[in-house]
file run_8.pdb (PDB, C-alpha atoms and all ligand atoms)
ATOM      1  CA  MET A  15       0.000   0.000   0.000
ATOM      2  CA  GLY A  16       1.183   3.506  -0.718
ATOM      3  CA  GLY A  17       1.064   6.324   1.812
ATOM      4  CA  SER A  18      -1.286   8.600  -0.066
ATOM      5  CA  GLY A  19      -4.577   7.804   1.691
ATOM      6  CA  PRO A  20      -6.454  10.043   4.119
ATOM      7  CA  GLY A  21      -4.304  10.935   7.099
ATOM      8  CA  ALA A  22      -1.032  10.015   5.429
ATOM      9  CA  ALA A  23       1.773  12.431   6.260
ATOM     10  CA  ALA A  24       2.794  14.753   3.445
ATOM     11  CA  PRO A  25       6.223  13.880   2.094
ATOM     12  CA  ARG A  26       8.990  16.004   3.571
ATOM     13  CA  ALA A  27      11.152  18.138   1.337
ATOM     14  CA  PRO A  28      14.829  17.529   2.020
ATOM     15  CA  PHE A  29      16.994  20.150   3.696
ATOM     16  CA  ARG A  30      20.629  20.046   2.643
ATOM     17  CA  ALA A  31      23.183  21.519   5.003
ATOM     18  CA  GLY A  32      26.576  22.552   3.703
ATOM     19  CA  GLY A  33      28.118  22.719   7.157
ATOM     20  CA  ILE A  34      27.679  23.412  10.850
ATOM     21  CA  VAL A  35      29.243  25.671  13.435
ATOM     22  CA  PRO A  36      28.635  23.851  16.731
ATOM     23  CA  PHE A  37      28.759  26.906  18.978
ATOM     24  CA  SER A  38      28.425  30.606  18.194
ATOM     25  CA  THR A  39      27.717  33.700  20.272
ATOM     26  CA  THR A  40      27.806  36.086  17.323
ATOM     27  CA  ASP A  41      25.424  34.696  14.684
ATOM     28  CA  TRP A  42      22.440  35.525  16.889
ATOM     29  CA  PRO A  43      23.763  38.258  19.147
ATOM     30  CA  GLY A  44      23.086  37.422  22.779
ATOM     31  CA  ARG A  45      22.260  33.754  22.190
ATOM     32  CA  LEU A  46      24.322  30.598  22.392
ATOM     33  CA  ALA A  47      23.545  28.982  19.082
ATOM     34  CA  ALA A  48      24.516  26.277  16.678
ATOM     35  CA  VAL A  49      24.652  27.491  13.092
ATOM     36  CA  VAL A  50      23.408  25.268  10.274
ATOM     37  CA  PHE A  51      24.495  26.481   6.856
ATOM     38  CA  ALA A  52      22.135  25.807   3.972
ATOM     39  CA  GLN A  53      23.704  24.639   0.738
ATOM     40  CA  GLY A  54      22.843  26.810  -2.245
ATOM     41  CA  CYS A  55      22.226  30.432  -3.155
ATOM     42  CA  PRO A  56      21.077  31.938  -6.466
ATOM     43  CA  TRP A  57      23.120  35.123  -6.053
ATOM     44  CA  ARG A  58      26.801  35.785  -6.648
ATOM     45  CA  CYS A  59      27.832  38.502  -4.222
ATOM     46  CA  GLY A  60      31.454  39.404  -4.804
ATOM     47  CA  TYR A  61      32.140  39.623  -1.079
ATOM     48  CA  CYS A  62      30.510  36.285  -0.212
ATOM     49  CA  HIS A  63      32.627  34.629   2.442
ATOM     50  CA  ASN A  64      30.974  31.249   2.022
ATOM     51  CA  PRO A  65      31.396  30.750  -1.751
ATOM     52  CA  HIS A  66      31.482  26.968  -1.321
ATOM     53  CA  LEU A  67      27.839  27.223  -0.218
ATOM     54  CA  ILE A  68      26.661  28.924  -3.421
ATOM     55  CA  PRO A  69      26.241  25.776  -5.606
ATOM     56  CA  PHE A  70      22.991  23.983  -4.826
ATOM     57  CA  ARG A  71      24.865  20.722  -4.464
ATOM     58  CA  GLY A  72      28.050  20.659  -2.423
ATOM     59  CA  ASP A  73      30.873  18.241  -1.710
ATOM     60  CA  ASP A  74      30.403  18.394   2.055
ATOM     61  CA  GLU A  75      26.637  18.172   2.326
ATOM     62  CA  ARG A  76      25.011  16.751   5.435
ATOM     63  CA  ASP A  77      21.443  15.587   5.267
ATOM     64  CA  TRP A  78      18.986  16.988   7.759
ATOM     65  CA  PRO A  79      18.378  13.751   9.726
ATOM     66  CA  SER A  80      22.078  13.576  10.604
ATOM     67  CA  VAL A  81      22.114  17.249  11.596
ATOM     68  CA  LEU A  82      19.005  16.751  13.699
ATOM     69  CA  ALA A  83      20.519  13.730  15.447
ATOM     70  CA  TRP A  84      23.536  15.869  16.318
ATOM     71  CA  LEU A  85      21.334  18.717  17.537
ATOM     72  CA  ALA A  86      19.580  16.288  19.858
ATOM     73  CA  THR A  87      22.910  15.794  21.624
ATOM     74  CA  ARG A  88      23.153  19.572  22.183
ATOM     75  CA  LYS A  89      19.906  19.926  24.136
ATOM     76  CA  GLY A  90      20.575  21.815  27.341
ATOM     77  CA  LEU A  91      23.924  23.064  26.029
ATOM     78  CA  LEU A  92      22.664  25.548  23.434
ATOM     79  CA  GLU A  93      19.711  27.906  23.361
ATOM     80  CA  ALA A  94      19.162  28.214  19.662
ATOM     81  CA  VAL A  95      19.719  27.035  16.117
ATOM     82  CA  VAL A  96      20.433  29.630  13.441
ATOM     83  CA  PHE A  97      19.873  28.686   9.823
ATOM     84  CA  SER A  98      22.345  30.537   7.664
ATOM     85  CA  GLY A  99      23.810  30.026   4.252
ATOM     86  CA  GLY A 100      23.846  30.049   1.365
ATOM     87  CA  GLU A 101      20.210  31.125   1.341
ATOM     88  CA  PRO A 102      18.160  28.916   3.664
ATOM     89  CA  THR A 103      14.832  30.093   2.242
ATOM     90  CA  ALA A 104      15.785  28.600  -1.125
ATOM     91  CA  GLN A 105      15.091  25.164   0.335
ATOM     92  CA  PRO A 106      11.467  24.049   0.793
ATOM     93  CA  GLY A 107      12.732  21.710   3.515
ATOM     94  CA  LEU A 108      13.471  24.675   5.782
ATOM     95  CA  VAL A 109       9.889  24.672   7.088
ATOM     96  CA  ASP A 110      10.120  21.154   8.514
ATOM     97  CA  ALA A 111      13.692  21.719   9.680
ATOM     98  CA  LEU A 112      12.524  24.705  11.751
ATOM     99  CA  ARG A 113       9.684  22.638  13.218
ATOM    100  CA  ASP A 114      12.131  19.884  14.121
ATOM    101  CA  ALA A 115      14.505  22.318  15.810
ATOM    102  CA  ARG A 116      11.677  23.774  17.855
ATOM    103  CA  GLU A 117      10.430  20.314  18.833
ATOM    104  CA  LEU A 118      13.872  19.716  20.329
ATOM    105  CA  GLY A 119      13.326  22.833  22.416
ATOM    106  CA  PHE A 120      15.604  25.234  20.573
ATOM    107  CA  LEU A 121      14.851  28.806  19.667
ATOM    108  CA  THR A 122      15.113  29.291  15.922
ATOM    109  CA  GLY A 123      16.934  32.017  14.012
ATOM    110  CA  LEU A 124      17.352  32.743  10.324
ATOM    111  CA  HIS A 125      19.886  34.625   8.242
ATOM    112  CA  THR A 126      18.377  35.608   4.918
ATOM    113  CA  ALA A 127      18.960  38.071   2.122
ATOM    114  CA  GLY A 128      15.212  38.180   1.498
ATOM    115  CA  ILE A 129      15.641  36.465  -1.845
ATOM    116  CA  TYR A 130      12.324  34.592  -1.616
ATOM    117  CA  PRO A 131       9.974  36.802   0.363
ATOM    118  CA  ARG A 132       6.909  34.888  -0.806
ATOM    119  CA  GLY A 133       7.975  31.994   1.400
ATOM    120  CA  LEU A 134       8.329  34.109   4.527
ATOM    121  CA  PRO A 135       4.687  34.065   5.685
ATOM    122  CA  GLU A 136       4.972  30.298   6.190
ATOM    123  CA  LEU A 137       8.365  30.571   7.873
ATOM    124  CA  LEU A 138       7.839  33.529  10.214
ATOM    125  CA  PRO A 139       5.553  31.734  12.712
ATOM    126  CA  LEU A 140       8.371  29.214  13.168
ATOM    127  CA  LEU A 141      11.057  31.832  13.842
ATOM    128  CA  ASP A 142      12.182  33.630  16.988
ATOM    129  CA  TRP A 143      14.644  35.985  15.310
ATOM    130  CA  VAL A 144      15.775  37.000  11.806
ATOM    131  CA  GLY A 145      18.930  38.694  10.552
ATOM    132  CA  LEU A 146      17.970  40.354   7.251
ATOM    133  CA  ASP A 147      20.734  41.361   4.866
ATOM    134  CA  VAL A 148      19.880  44.483   2.902
ATOM    135  CA  LYS A 149      22.750  44.810   0.495
ATOM    136  CA  ALA A 150      22.352  48.022  -1.461
ATOM    137  CA  PRO A 151      19.816  50.580  -2.640
ATOM    138  CA  ALA A 152      17.076  48.609  -4.391
ATOM    139  CA  ALA A 153      18.040  49.783  -7.869
ATOM    140  CA  GLU A 154      21.741  49.025  -7.287
ATOM    141  CA  TYR A 155      21.574  45.420  -6.107
ATOM    142  CA  ARG A 156      23.122  43.994  -9.253
ATOM    143  CA  GLN A 157      26.391  45.704  -8.397
ATOM    144  CA  VAL A 158      26.580  43.502  -5.289
ATOM    145  CA  THR A 159      24.724  40.323  -6.231
ATOM    146  CA  GLY A 160      25.606  40.023  -9.905
ATOM    147  CA  VAL A 161      21.921  39.340 -10.613
ATOM    148  CA  ALA A 162      19.686  41.774 -12.479
ATOM    149  CA  GLY A 163      16.429  42.655 -10.768
ATOM    150  CA  SER A 164      17.520  41.268  -7.400
ATOM    151  CA  GLY A 165      16.737  44.418  -5.455
ATOM    152  CA  MET A 166      13.088  44.122  -4.545
ATOM    153  CA  GLY A 167      12.964  40.984  -2.429
ATOM    154  CA  ALA A 168      14.822  42.328   0.578
ATOM    155  CA  PHE A 169      12.498  45.307   0.903
ATOM    156  CA  VAL A 170       9.422  43.080   0.617
ATOM    157  CA  ALA A 171      10.966  40.826   3.270
ATOM    158  CA  LEU A 172      11.606  43.872   5.447
ATOM    159  CA  ALA A 173       7.944  44.886   5.254
ATOM    160  CA  LEU A 174       6.827  41.343   6.116
ATOM    161  CA  LEU A 175       9.152  41.259   9.102
ATOM    162  CA  GLN A 176       7.899  44.591  10.355
ATOM    163  CA  GLN A 177       4.325  43.323  10.164
ATOM    164  CA  SER A 178       5.120  39.988  11.792
ATOM    165  CA  GLY A 179       6.296  41.030  15.231
ATOM    166  CA  VAL A 180       9.251  38.625  14.967
ATOM    167  CA  PRO A 181      12.387  40.318  16.346
ATOM    168  CA  PHE A 182      14.866  41.072  13.588
ATOM    169  CA  GLU A 183      17.879  43.111  12.652
ATOM    170  CA  VAL A 184      18.793  44.782   9.365
ATOM    171  CA  ARG A 185      22.433  44.558   8.373
ATOM    172  CA  THR A 186      24.557  45.556   5.424
ATOM    173  CA  THR A 187      27.987  44.274   4.509
ATOM    174  CA  VAL A 188      30.202  47.138   3.380
ATOM    175  CA  HIS A 189      32.913  46.952   0.731
ATOM    176  CA  PHE A 190      33.373  50.359  -0.851
ATOM    177  CA  ASP A 191      33.959  48.890  -4.319
ATOM    178  CA  LEU A 192      30.414  47.488  -4.206
ATOM    179  CA  THR A 193      28.619  49.912  -1.902
ATOM    180  CA  PRO A 194      30.555  53.191  -1.897
ATOM    181  CA  PRO A 195      29.658  55.887   0.624
ATOM    182  CA  ASP A 196      27.147  57.591  -1.663
ATOM    183  CA  ALA A 197      25.346  54.262  -2.199
ATOM    184  CA  LEU A 198      25.247  53.733   1.567
ATOM    185  CA  GLU A 199      23.693  57.167   1.956
ATOM    186  CA  ARG A 200      21.052  56.323  -0.648
ATOM    187  CA  LEU A 201      20.395  53.042   1.156
ATOM    188  CA  ALA A 202      20.099  54.885   4.465
ATOM    189  CA  HIS A 203      17.282  56.976   2.999
ATOM    190  CA  GLU A 204      15.511  53.894   1.626
ATOM    191  CA  LEU A 205      15.740  52.187   5.017
ATOM    192  CA  ALA A 206      14.535  55.299   6.828
ATOM    193  CA  ASP A 207      11.619  55.601   4.405
ATOM    194  CA  ALA A 208      10.775  51.980   5.289
ATOM    195  CA  GLY A 209      10.755  52.855   8.984
ATOM    196  CA  VAL A 210      14.117  51.362   9.948
ATOM    197  CA  ARG A 211      15.867  53.054  12.889
ATOM    198  CA  GLU A 212      18.462  50.404  13.808
ATOM    199  CA  TRP A 213      21.000  49.363  11.177
ATOM    200  CA  ILE A 214      24.040  47.140  11.508
ATOM    201  CA  LEU A 215      26.964  47.948   9.197
ATOM    202  CA  GLN A 216      29.290  44.981   8.858
ATOM    203  CA  PRO A 217      32.703  45.837   7.390
ATOM    204  CA  PHE A 218      33.854  43.460   4.669
ATOM    205  CA  ARG A 219      36.386  40.888   5.822
ATOM    206  CA  ALA A 220      38.679  39.232   3.326
ATOM    207  CA  GLN A 221      38.462  35.927   5.199
ATOM    208  CA  GLY A 222      36.745  33.382   2.966
ATOM    209  CA  CYS A 223      36.149  35.781   0.067
ATOM    210  CA  ALA A 224      37.160  34.300  -3.277
ATOM    211  CA  ASP A 225      37.288  37.611  -5.180
ATOM    212  CA  GLU A 226      40.951  38.566  -5.356
ATOM    213  CA  ALA A 227      40.266  42.125  -6.526
ATOM    214  CA  LEU A 228      37.945  42.822  -3.593
ATOM    215  CA  ASN A 229      40.415  41.279  -1.172
ATOM    216  CA  ALA A 230      43.258  43.355  -2.618
ATOM    217  CA  ALA A 231      41.198  46.544  -2.381
ATOM    218  CA  ALA A 232      40.459  46.005   1.319
ATOM    219  CA  PRO A 233      42.986  43.502   2.683
ATOM    220  CA  GLN A 234      42.434  44.691   6.255
ATOM    221  CA  GLY A 235      38.685  44.901   5.777
ATOM    222  CA  ALA A 236      36.495  47.910   5.095
ATOM    223  CA  ARG A 237      36.921  50.868   7.450
ATOM    224  CA  ILE A 238      33.755  52.830   8.023
ATOM    225  CA  GLY A 239      34.968  56.191   9.252
ATOM    226  CA  GLU A 240      33.297  58.362  11.865
ATOM    227  CA  ALA A 241      32.361  61.050   9.320
ATOM    228  CA  LEU A 242      30.480  58.578   7.126
ATOM    229  CA  LEU A 243      28.857  56.961  10.140
ATOM    230  CA  ALA A 244      27.719  60.375  11.364
ATOM    231  CA  ARG A 245      26.126  61.131   7.973
ATOM    232  CA  LEU A 246      24.334  57.795   7.978
ATOM    233  CA  ARG A 247      23.106  58.395  11.546
ATOM    234  CA  GLU A 248      21.528  61.655  10.456
ATOM    235  CA  VAL A 249      19.194  59.441   8.416
ATOM    236  CA  VAL A 250      19.055  56.181  10.394
ATOM    237  CA  PRO A 251      19.676  57.257  13.991
ATOM    238  CA  GLU A 252      20.823  53.927  15.366
ATOM    239  CA  ALA A 253      23.256  52.898  12.668
ATOM    240  CA  VAL A 254      26.189  51.049  14.245
ATOM    241  CA  VAL A 255      29.305  49.334  12.981
ATOM    242  CA  ARG A 256      29.632  45.728  14.065
ATOM    243  CA  ALA A 257      33.176  44.575  13.450
TER     244      ALA A 257
HETATM  245  S1  LIG A 301      23.289  36.200  -0.782
HETATM  246 FE1  LIG A 301      24.728  35.577   0.859
HETATM  247  S2  LIG A 301      25.223  33.418   0.423
HETATM  248 FE2  LIG A 301      24.307  34.292  -1.446
HETATM  249  S3  LIG A 301      26.079  34.936  -2.663
HETATM  250 FE3  LIG A 301      25.355  36.716  -1.466
HETATM  251  S4  LIG A 301      26.618  36.702   0.413
HETATM  252 FE4  LIG A 301      26.817  34.648  -0.552
END
call {"tool": "encode", "arguments": {"input": "run_8.pdb", "output": "C-alpha cells", "more": "lines below"}}
Ligand code: SF4
result
Amino acid sequence: MGGSGPGAAAPRAPFRAGGIVPFSTTDWPGRLAAVVFAQGCPWRCGYCHNPHLIPFRGDDERDWPSVLAWLATRKGLLEAVVFSGGEPTAQPGLVDALRDARELGFLTGLHTAGIYPRGLPELLPLLDWVGLDVKAPAAEYRQVTGVAGSGMGAFVALALLQQSGVPFEVRTTVHFDLTPPDALERLAHELADAGVREWILQPFRAQGCADEALNAAAPQGARIGEALLARLREVVPEAVVRA
C-alpha cells in the first residue's frame, strides 16, 4: 500500500546543510547557538565569504536527519539554532527543519537576504529571530549580487518582518567597491523611508572571500569612518558598525 490515503503524512522536502558551526555567540547576538548552513544560493555577491555554499549541491553536504541527530545531543547546552547560508529560504525543507529544531526545544533564528519573500509568511511563525541582509539601494543590487532585478525581495521581506512582530535586525555588509559611501547614503534613505531606525553595518572581511580584486582593495577589511557613520546616523539614527 502507498502512503497517499487520508491521514497520510505529506512527504517532507529535504533540507541540505553545507556545514555546521557547533557553537556561536555572534550569529544571533546574545544567544548561544549552533549554526546550520544551507547549501545553495542563487546570487553571486562578490564579497561572499561562504562561496562553497553557493552551488545547490556541495561536496560536504550533510542531510537533515544527521544534523538533527547531532542537535539532539546539544539539548541543554545551546539555546538556539540559526539557519544561515547560502540562502536557507531557497530550500522548501526549511519549514520542517525549523519545526524539528523547535520540537527539540531550541529557539530558531534565520539569516536571509530576502531572496524569496513569498515563502516568509509560512516561515515567520516558526522563527524567533531574523537577521535580514539588505545589500544596497534597491536599484543598485546587481552591483553587489551580480543578478539583475535582485533588489526588490529584501524590501518586501523587510515589510513582512515589520508586520510579523518577529524580532529582527537589518544589516549591510560594506565593501566600498560594491557599496561606496554615496550608495550607503542612498540606502540609508531607503531604510529610513521603510521605517528602519536600527541598522548594523558589517565591514567586509577578506576571510573566505574568493574575489581577489575585492580582497586586494580592502585587505584589512572595510573601514567605516566616523564622518560617514555620522552622515548615515543623520538618516538612520541607530546605525552602528559591528566589526
Ligand atoms: S546572498 Fe549571501 S550566500 Fe548568497 S552569494 Fe550573497 S553573500 Fe553569498
call {"tool": "resolve_selection", "arguments": {"input": "run_8.pdb", "expression": "the PyMOL selection byres (((chain A and resi 215-227) around 10) and not hetatm)", "output": "count of residues only"}}
result
37
call {"tool": "resolve_selection", "arguments": {"input": "run_8.pdb", "expression": "the PyMOL selection byres (((chain A and resi 207) around 12) and not hetatm)", "output": "PDB file with C-alpha atoms, keeping the file's coordinate frame"}}
result
ATOM      1  CA  PRO A 151      19.816  50.580  -2.640  1.00  0.00           C
ATOM      2  CA  PHE A 169      12.498  45.307   0.903  1.00  0.00           C
ATOM      3  CA  LEU A 172      11.606  43.872   5.447  1.00  0.00           C
ATOM      4  CA  ALA A 173       7.944  44.886   5.254  1.00  0.00           C
ATOM      5  CA  ARG A 200      21.052  56.323  -0.648  1.00  0.00           C
ATOM      6  CA  LEU A 201      20.395  53.042   1.156  1.00  0.00           C
ATOM      7  CA  ALA A 202      20.099  54.885   4.465  1.00  0.00           C
ATOM      8  CA  HIS A 203      17.282  56.976   2.999  1.00  0.00           C
ATOM      9  CA  GLU A 204      15.511  53.894   1.626  1.00  0.00           C
ATOM     10  CA  LEU A 205      15.740  52.187   5.017  1.00  0.00           C
ATOM     11  CA  ALA A 206      14.535  55.299   6.828  1.00  0.00           C
ATOM     12  CA  ALA A 208      10.775  51.980   5.289  1.00  0.00           C
ATOM     13  CA  GLY A 209      10.755  52.855   8.984  1.00  0.00           C
ATOM     14  CA  VAL A 210      14.117  51.362   9.948  1.00  0.00           C
ATOM     15  CA  ARG A 211      15.867  53.054  12.889  1.00  0.00           C
ATOM     16  CA  VAL A 249      19.194  59.441   8.416  1.00  0.00           C
ATOM     17  CA  VAL A 250      19.055  56.181  10.394  1.00  0.00           C
TER      18      VAL A 250
END
call {"tool": "closest_residue", "arguments": {"input": "run_8.pdb", "among": "A:Glu136, A:Glu117, A:Asp142, A:Asp74", "to": "Val96 (chain A)", "atoms": "all atoms listed in the file"}}
result
A:Asp142
call {"tool": "axis_aligned_box", "arguments": {"input": "run_8.pdb", "around": "ligand LIG 301 (chain A)", "padding_each_side": "3 Å", "output": "lines of an AutoDock Vina configuration file"}}
result
center_x = 25.1
center_y = 35.1
center_z = -0.9
size_x = 9.5
size_y = 9.3
size_z = 9.5
call {"tool": "resolve_selection", "arguments": {"input": "run_8.pdb", "expression": "the PyMOL selection byres (((chain A and resi 90) around 12) and not hetatm)", "output": "list in words"}}
result
Leu46, Ala47, Leu85, Ala86, Thr87, Arg88, Lys89, Leu91, Leu92, Glu93, Ala94, Leu118, Gly119, Phe120 and Leu121 of chain A
call {"tool": "residues_around", "arguments": {"input": "run_8.pdb", "residues": "Pro36 (chain A)", "least_positions_apart": "2", "cutoff": "7 Å", "atoms": "only C-alpha atoms", "output": "list in words"}}
result
Ile34, Ser38, Ala48 and Val49 of chain A
call {"tool": "closest_residue", "arguments": {"input": "run_8.pdb", "among": "A:Val180, A:Leu246, A:Leu138, A:Leu174", "to": "Ala197 (chain A)", "atoms": "all atoms listed in the file"}}
result
A:Leu246
call {"tool": "closest_residue", "arguments": {"input": "run_8.pdb", "among": "A:Arg58, A:Arg45, A:His125, A:Arg245", "to": "Asp147 (chain A)", "atoms": "only C-alpha atoms"}}
result
A:His125
call {"tool": "decode", "arguments": {"input": "run_8.pdb", "residues": "region 55-157 of chain A", "atoms": "C-alpha atoms", "output": "PDB file, in the first residue's frame"}}
result
ATOM      1  CA  CYS A  55      22.226  30.432  -3.155  1.00  0.00           C
ATOM      2  CA  PRO A  56      21.077  31.938  -6.466  1.00  0.00           C
ATOM      3  CA  TRP A  57      23.120  35.123  -6.053  1.00  0.00           C
ATOM      4  CA  ARG A  58      26.801  35.785  -6.648  1.00  0.00           C
ATOM      5  CA  CYS A  59      27.832  38.502  -4.222  1.00  0.00           C
ATOM      6  CA  GLY A  60      31.454  39.404  -4.804  1.00  0.00           C
ATOM      7  CA  TYR A  61      32.140  39.623  -1.079  1.00  0.00           C
ATOM      8  CA  CYS A  62      30.510  36.285  -0.212  1.00  0.00           C
ATOM      9  CA  HIS A  63      32.627  34.629   2.442  1.00  0.00           C
ATOM     10  CA  ASN A  64      30.974  31.249   2.022  1.00  0.00           C
ATOM     11  CA  PRO A  65      31.396  30.750  -1.751  1.00  0.00           C
ATOM     12  CA  HIS A  66      31.482  26.968  -1.321  1.00  0.00           C
ATOM     13  CA  LEU A  67      27.839  27.223  -0.218  1.00  0.00           C
ATOM     14  CA  ILE A  68      26.661  28.924  -3.421  1.00  0.00           C
ATOM     15  CA  PRO A  69      26.241  25.776  -5.606  1.00  0.00           C
ATOM     16  CA  PHE A  70      22.991  23.983  -4.826  1.00  0.00           C
ATOM     17  CA  ARG A  71      24.865  20.722  -4.464  1.00  0.00           C
ATOM     18  CA  GLY A  72      28.050  20.659  -2.423  1.00  0.00           C
ATOM     19  CA  ASP A  73      30.873  18.241  -1.710  1.00  0.00           C
ATOM     20  CA  ASP A  74      30.403  18.394   2.055  1.00  0.00           C
ATOM     21  CA  GLU A  75      26.637  18.172   2.326  1.00  0.00           C
ATOM     22  CA  ARG A  76      25.011  16.751   5.435  1.00  0.00           C
ATOM     23  CA  ASP A  77      21.443  15.587   5.267  1.00  0.00           C
ATOM     24  CA  TRP A  78      18.986  16.988   7.759  1.00  0.00           C
ATOM     25  CA  PRO A  79      18.378  13.751   9.726  1.00  0.00           C
ATOM     26  CA  SER A  80      22.078  13.576  10.604  1.00  0.00           C
ATOM     27  CA  VAL A  81      22.114  17.249  11.596  1.00  0.00           C
ATOM     28  CA  LEU A  82      19.005  16.751  13.699  1.00  0.00           C
ATOM     29  CA  ALA A  83      20.519  13.730  15.447  1.00  0.00           C
ATOM     30  CA  TRP A  84      23.536  15.869  16.318  1.00  0.00           C
ATOM     31  CA  LEU A  85      21.334  18.717  17.537  1.00  0.00           C
ATOM     32  CA  ALA A  86      19.580  16.288  19.858  1.00  0.00           C
ATOM     33  CA  THR A  87      22.910  15.794  21.624  1.00  0.00           C
ATOM     34  CA  ARG A  88      23.153  19.572  22.183  1.00  0.00           C
ATOM     35  CA  LYS A  89      19.906  19.926  24.136  1.00  0.00           C
ATOM     36  CA  GLY A  90      20.575  21.815  27.341  1.00  0.00           C
ATOM     37  CA  LEU A  91      23.924  23.064  26.029  1.00  0.00           C
ATOM     38  CA  LEU A  92      22.664  25.548  23.434  1.00  0.00           C
ATOM     39  CA  GLU A  93      19.711  27.906  23.361  1.00  0.00           C
ATOM     40  CA  ALA A  94      19.162  28.214  19.662  1.00  0.00           C
ATOM     41  CA  VAL A  95      19.719  27.035  16.117  1.00  0.00           C
ATOM     42  CA  VAL A  96      20.433  29.630  13.441  1.00  0.00           C
ATOM     43  CA  PHE A  97      19.873  28.686   9.823  1.00  0.00           C
ATOM     44  CA  SER A  98      22.345  30.537   7.664  1.00  0.00           C
ATOM     45  CA  GLY A  99      23.810  30.026   4.252  1.00  0.00           C
ATOM     46  CA  GLY A 100      23.846  30.049   1.365  1.00  0.00           C
ATOM     47  CA  GLU A 101      20.210  31.125   1.341  1.00  0.00           C
ATOM     48  CA  PRO A 102      18.160  28.916   3.664  1.00  0.00           C
ATOM     49  CA  THR A 103      14.832  30.093   2.242  1.00  0.00           C
ATOM     50  CA  ALA A 104      15.785  28.600  -1.125  1.00  0.00           C
ATOM     51  CA  GLN A 105      15.091  25.164   0.335  1.00  0.00           C
ATOM     52  CA  PRO A 106      11.467  24.049   0.793  1.00  0.00           C
ATOM     53  CA  GLY A 107      12.732  21.710   3.515  1.00  0.00           C
ATOM     54  CA  LEU A 108      13.471  24.675   5.782  1.00  0.00           C
ATOM     55  CA  VAL A 109       9.889  24.672   7.088  1.00  0.00           C
ATOM     56  CA  ASP A 110      10.120  21.154   8.514  1.00  0.00           C
ATOM     57  CA  ALA A 111      13.692  21.719   9.680  1.00  0.00           C
ATOM     58  CA  LEU A 112      12.524  24.705  11.751  1.00  0.00           C
ATOM     59  CA  ARG A 113       9.684  22.638  13.218  1.00  0.00           C
ATOM     60  CA  ASP A 114      12.131  19.884  14.121  1.00  0.00           C
ATOM     61  CA  ALA A 115      14.505  22.318  15.810  1.00  0.00           C
ATOM     62  CA  ARG A 116      11.677  23.774  17.855  1.00  0.00           C
ATOM     63  CA  GLU A 117      10.430  20.314  18.833  1.00  0.00           C
ATOM     64  CA  LEU A 118      13.872  19.716  20.329  1.00  0.00           C
ATOM     65  CA  GLY A 119      13.326  22.833  22.416  1.00  0.00           C
ATOM     66  CA  PHE A 120      15.604  25.234  20.573  1.00  0.00           C
ATOM     67  CA  LEU A 121      14.851  28.806  19.667  1.00  0.00           C
ATOM     68  CA  THR A 122      15.113  29.291  15.922  1.00  0.00           C
ATOM     69  CA  GLY A 123      16.934  32.017  14.012  1.00  0.00           C
ATOM     70  CA  LEU A 124      17.352  32.743  10.324  1.00  0.00           C
ATOM     71  CA  HIS A 125      19.886  34.625   8.242  1.00  0.00           C
ATOM     72  CA  THR A 126      18.377  35.608   4.918  1.00  0.00           C
ATOM     73  CA  ALA A 127      18.960  38.071   2.122  1.00  0.00           C
ATOM     74  CA  GLY A 128      15.212  38.180   1.498  1.00  0.00           C
ATOM     75  CA  ILE A 129      15.641  36.465  -1.845  1.00  0.00           C
ATOM     76  CA  TYR A 130      12.324  34.592  -1.616  1.00  0.00           C
ATOM     77  CA  PRO A 131       9.974  36.802   0.363  1.00  0.00           C
ATOM     78  CA  ARG A 132       6.909  34.888  -0.806  1.00  0.00           C
ATOM     79  CA  GLY A 133       7.975  31.994   1.400  1.00  0.00           C
ATOM     80  CA  LEU A 134       8.329  34.109   4.527  1.00  0.00           C
ATOM     81  CA  PRO A 135       4.687  34.065   5.685  1.00  0.00           C
ATOM     82  CA  GLU A 136       4.972  30.298   6.190  1.00  0.00           C
ATOM     83  CA  LEU A 137       8.365  30.571   7.873  1.00  0.00           C
ATOM     84  CA  LEU A 138       7.839  33.529  10.214  1.00  0.00           C
ATOM     85  CA  PRO A 139       5.553  31.734  12.712  1.00  0.00           C
ATOM     86  CA  LEU A 140       8.371  29.214  13.168  1.00  0.00           C
ATOM     87  CA  LEU A 141      11.057  31.832  13.842  1.00  0.00           C
ATOM     88  CA  ASP A 142      12.182  33.630  16.988  1.00  0.00           C
ATOM     89  CA  TRP A 143      14.644  35.985  15.310  1.00  0.00           C
ATOM     90  CA  VAL A 144      15.775  37.000  11.806  1.00  0.00           C
ATOM     91  CA  GLY A 145      18.930  38.694  10.552  1.00  0.00           C
ATOM     92  CA  LEU A 146      17.970  40.354   7.251  1.00  0.00           C
ATOM     93  CA  ASP A 147      20.734  41.361   4.866  1.00  0.00           C
ATOM     94  CA  VAL A 148      19.880  44.483   2.902  1.00  0.00           C
ATOM     95  CA  LYS A 149      22.750  44.810   0.495  1.00  0.00           C
ATOM     96  CA  ALA A 150      22.352  48.022  -1.461  1.00  0.00           C
ATOM     97  CA  PRO A 151      19.816  50.580  -2.640  1.00  0.00           C
ATOM     98  CA  ALA A 152      17.076  48.609  -4.391  1.00  0.00           C
ATOM     99  CA  ALA A 153      18.040  49.783  -7.869  1.00  0.00           C
ATOM    100  CA  GLU A 154      21.741  49.025  -7.287  1.00  0.00           C
ATOM    101  CA  TYR A 155      21.574  45.420  -6.107  1.00  0.00           C
ATOM    102  CA  ARG A 156      23.122  43.994  -9.253  1.00  0.00           C
ATOM    103  CA  GLN A 157      26.391  45.704  -8.397  1.00  0.00           C
TER     104      GLN A 157
END
